[in-house]
Amino acid sequence: MTIYLFYFLSFVAVLCALLVVFSKSPVNSVLFLIVTFFAIAGHYVLLNAQFLAAVHVIVYAGAIMVLFLYVIMMLNLNRDVEPHKPVALRFAAVVAGGLLAITLIGALHGAETLPKAGNVQADIGLIENLGKTLFNDFLLPFEISSILFLSAMVGAVMLGKKELK
Amino acid sequence: MSAIQVIPVHYYILLSVVLFSIGVLGVLFRRNAIIIFMCIELMLNAVNLLLVAFSSYFSDAGGQVFVFFIMAVAAAEVAVGLAILTMIFRNTRSTDIDFLNKLKW
């Protein structure tokens with residue numbers, strides 16, 4: 001049962017990721033990317049990372065993709081103004097991407113022999129354990145990321161202004 | 001029955017590699033800067049998936065906290081990047097990256 005769920009979610013993720021690249025209209029690309037993110041959230045639930053699955057849906061599908069969709073609609077991008085590369089360059093891109101995939105798969109060939117996990121703890125992805133790890137071992141990065149957010153906010157507002165006086 | 005007992009970890013490695021390669025393919029394939037940006041998000045998510053998989057298989061919460069930070073960085077990156085994109089669009093009336101070739105050669 002679980003393995004079929006894995007295959008189904010993987011199929012949806014890969015298919016929609018391909019459709020993101022190959023669909024004509026940018027709005028369709030955004031919608032397919034949202035489906036891909038939901039499939040990845042399903043994988044997180046399969047992997048006992050329930051908190052991350054929730055955060056993933058909230059941050060990606062809820063915030064980031066809405067921002068993308070908003071910008072696409074504000075710039076009024078559609079199928080007609082979509083720029084395209086020449087066919088030769090597209091073919092070269094497909095070959096390069098496929099070669100990268102083959103190289104990575106070949107480089108990770110020995111991964112089947114990874115040692116089996118010992119005593120698996122199912123509660124590792126719950127909010128209590130993650131919070132303990134976050135605020136004990138990763139307290140300084142957590143504080144630094146707040147500074148990152150502040151600077152990103154200031155930068156976005158500054159870049160978005162019409163003219164700087 | 002959770003996935004960790006049933007599915008070998010190299011299945012997740014393969015899935016992440018495929019998703020990452022599709023992201024790279026999208027960056028090379030498209031000229032619209034917004035689509036390229038979305039493909040970068042796809043690559044980040046492939047790495048996130050691999051981190052979560054290893055963190056679950058080896059019972060280490062550190063991997064999932066890393067994913068948390070990657071999501072935070074991705075959110076900040078999207079805010080700044082889309083601001084830059086709207087700025088580019090305001091100046092060139094297009095999101096075609098081939099207009100921005102002053103630094104190319």
# chains A, B, ... in the order shown; residues from 1 in each chain; ligands from 1
call {"tool": "closest_atom_pairs", "arguments": {"of": "chain B", "to": "chain A", "cutoff": "7 Å", "atoms": "only C-alpha atoms", "output": "JSON lines"}}
result
{"residue": "B:Ser2", "atom": "CA", "partner": "A:Leu46", "partner_atom": "CA", "distance": 6.4}
{"residue": "B:Ala3", "atom": "CA", "partner": "A:Leu46", "partner_atom": "CA", "distance": 5.5}
{"residue": "B:Ile4", "atom": "CA", "partner": "A:Leu47", "partner_atom": "CA", "distance": 6.4}
{"residue": "B:Val6", "atom": "CA", "partner": "A:Ile3", "partner_atom": "CA", "distance": 6.8}
{"residue": "B:Ile7", "atom": "CA", "partner": "A:Ile3", "partner_atom": "CA", "distance": 6.5}
{"residue": "B:His10", "atom": "CA", "partner": "A:Ala111", "partner_atom": "CA", "distance": 5.7}
{"residue": "B:Leu14", "atom": "CA", "partner": "A:Ile105", "partner_atom": "CA", "distance": 6.8}
{"residue": "B:Leu15", "atom": "CA", "partner": "A:Ser10", "partner_atom": "CA", "distance": 6.9}
{"residue": "B:Val17", "atom": "CA", "partner": "A:Ala101", "partner_atom": "CA", "distance": 6.4}
{"residue": "B:Val18", "atom": "CA", "partner": "A:Ala101", "partner_atom": "CA", "distance": 6.3}
{"residue": "B:Leu19", "atom": "CA", "partner": "A:Val14", "partner_atom": "CA", "distance": 6.4}
{"residue": "B:Ser21", "atom": "CA", "partner": "A:Ala101", "partner_atom": "CA", "distance": 5.4}
{"residue": "B:Ile22", "atom": "CA", "partner": "A:Leu18", "partner_atom": "CA", "distance": 6.5}
{"residue": "B:Val24", "atom": "CA", "partner": "A:Gly97", "partner_atom": "CA", "distance": 6.2}
{"residue": "B:Leu25", "atom": "CA", "partner": "A:Gly97", "partner_atom": "CA", "distance": 4.7}
{"residue": "B:Gly26", "atom": "CA", "partner": "A:Val21", "partner_atom": "CA", "distance": 5.1}
{"residue": "B:Leu28", "atom": "CA", "partner": "A:Ala93", "partner_atom": "CA", "distance": 5.3}
{"residue": "B:Phe29", "atom": "CA", "partner": "A:Arg90", "partner_atom": "CA", "distance": 5.4}
{"residue": "B:Arg30", "atom": "CA", "partner": "A:His84", "partner_atom": "CA", "distance": 6.6}
{"residue": "B:Arg31", "atom": "CA", "partner": "A:Pro83", "partner_atom": "CA", "distance": 6.0}
{"residue": "B:Asn32", "atom": "CA", "partner": "A:Pro83", "partner_atom": "CA", "distance": 6.3}
{"residue": "B:Ile35", "atom": "CA", "partner": "A:Pro26", "partner_atom": "CA", "distance": 6.9}
{"residue": "B:Ala53", "atom": "CA", "partner": "A:Leu47", "partner_atom": "CA", "distance": 6.5}
{"residue": "B:Ser56", "atom": "CA", "partner": "A:Leu47", "partner_atom": "CA", "distance": 6.2}
{"residue": "B:Tyr57", "atom": "CA", "partner": "A:Ala117", "partner_atom": "CA", "distance": 5.7}
{"residue": "B:Phe58", "atom": "CA", "partner": "A:Ala117", "partner_atom": "CA", "distance": 5.5}
{"residue": "B:Ser59", "atom": "CA", "partner": "A:Gln121", "partner_atom": "CA", "distance": 6.0}
{"residue": "B:Ala61", "atom": "CA", "partner": "A:Ile124", "partner_atom": "CA", "distance": 6.1}
{"residue": "B:Gly62", "atom": "CA", "partner": "A:Thr133", "partner_atom": "CA", "distance": 6.9}
{"residue": "B:Val65", "atom": "CA", "partner": "A:Leu134", "partner_atom": "CA", "distance": 6.3}
{"residue": "B:Ala75", "atom": "CA", "partner": "A:Ile64", "partner_atom": "CA", "distance": 6.5}
{"residue": "B:Ala76", "atom": "CA", "partner": "A:Ala152", "partner_atom": "CA", "distance": 5.5}
{"residue": "B:Val78", "atom": "CA", "partner": "A:Ile64", "partner_atom": "CA", "distance": 6.9}
{"residue": "B:Ala79", "atom": "CA", "partner": "A:Ala156", "partner_atom": "CA", "distance": 6.1}
{"residue": "B:Val80", "atom": "CA", "partner": "A:Ala156", "partner_atom": "CA", "distance": 4.8}
{"residue": "B:Ala83", "atom": "CA", "partner": "A:Ala156", "partner_atom": "CA", "distance": 5.4}
{"residue": "B:Ile84", "atom": "CA", "partner": "A:Leu159", "partner_atom": "CA", "distance": 6.3}
{"residue": "B:Met87", "atom": "CA", "partner": "A:Gly160", "partner_atom": "CA", "distance": 6.6}
{"residue": "B:Asp96", "atom": "CA", "partner": "A:Pro83", "partner_atom": "CA", "distance": 6.3}
call {"tool": "closest_residue", "arguments": {"among": "A:Ile58, A:Gly106, A:Ala53, A:Ile34", "to": "Val67 (chain B)", "atoms": "only C-alpha atoms"}}
result
A:Ala53
call {"tool": "atom_distance", "arguments": {"atom1": "CA of Cys39 (chain B)", "atom2": "CA of Val27 (chain B)"}}
result
6.2 Å
call {"tool": "closest_residue", "arguments": {"among": "A:Gly42, A:Asn76, A:Val35, A:Tyr70", "to": "Leu49 (chain B)", "atoms": "only C-alpha atoms"}}
result
A:Gly42
call {"tool": "atom_distance", "arguments": {"atom1": "CA of Phe37 (chain B)", "atom2": "CA of Thr92 (chain B)"}}
result
18.0 Å
call {"tool": "atom_distance", "arguments": {"atom1": "CA of Gln64 (chain B)", "atom2": "CA of Leu82 (chain B)"}}
result
26.8 Å
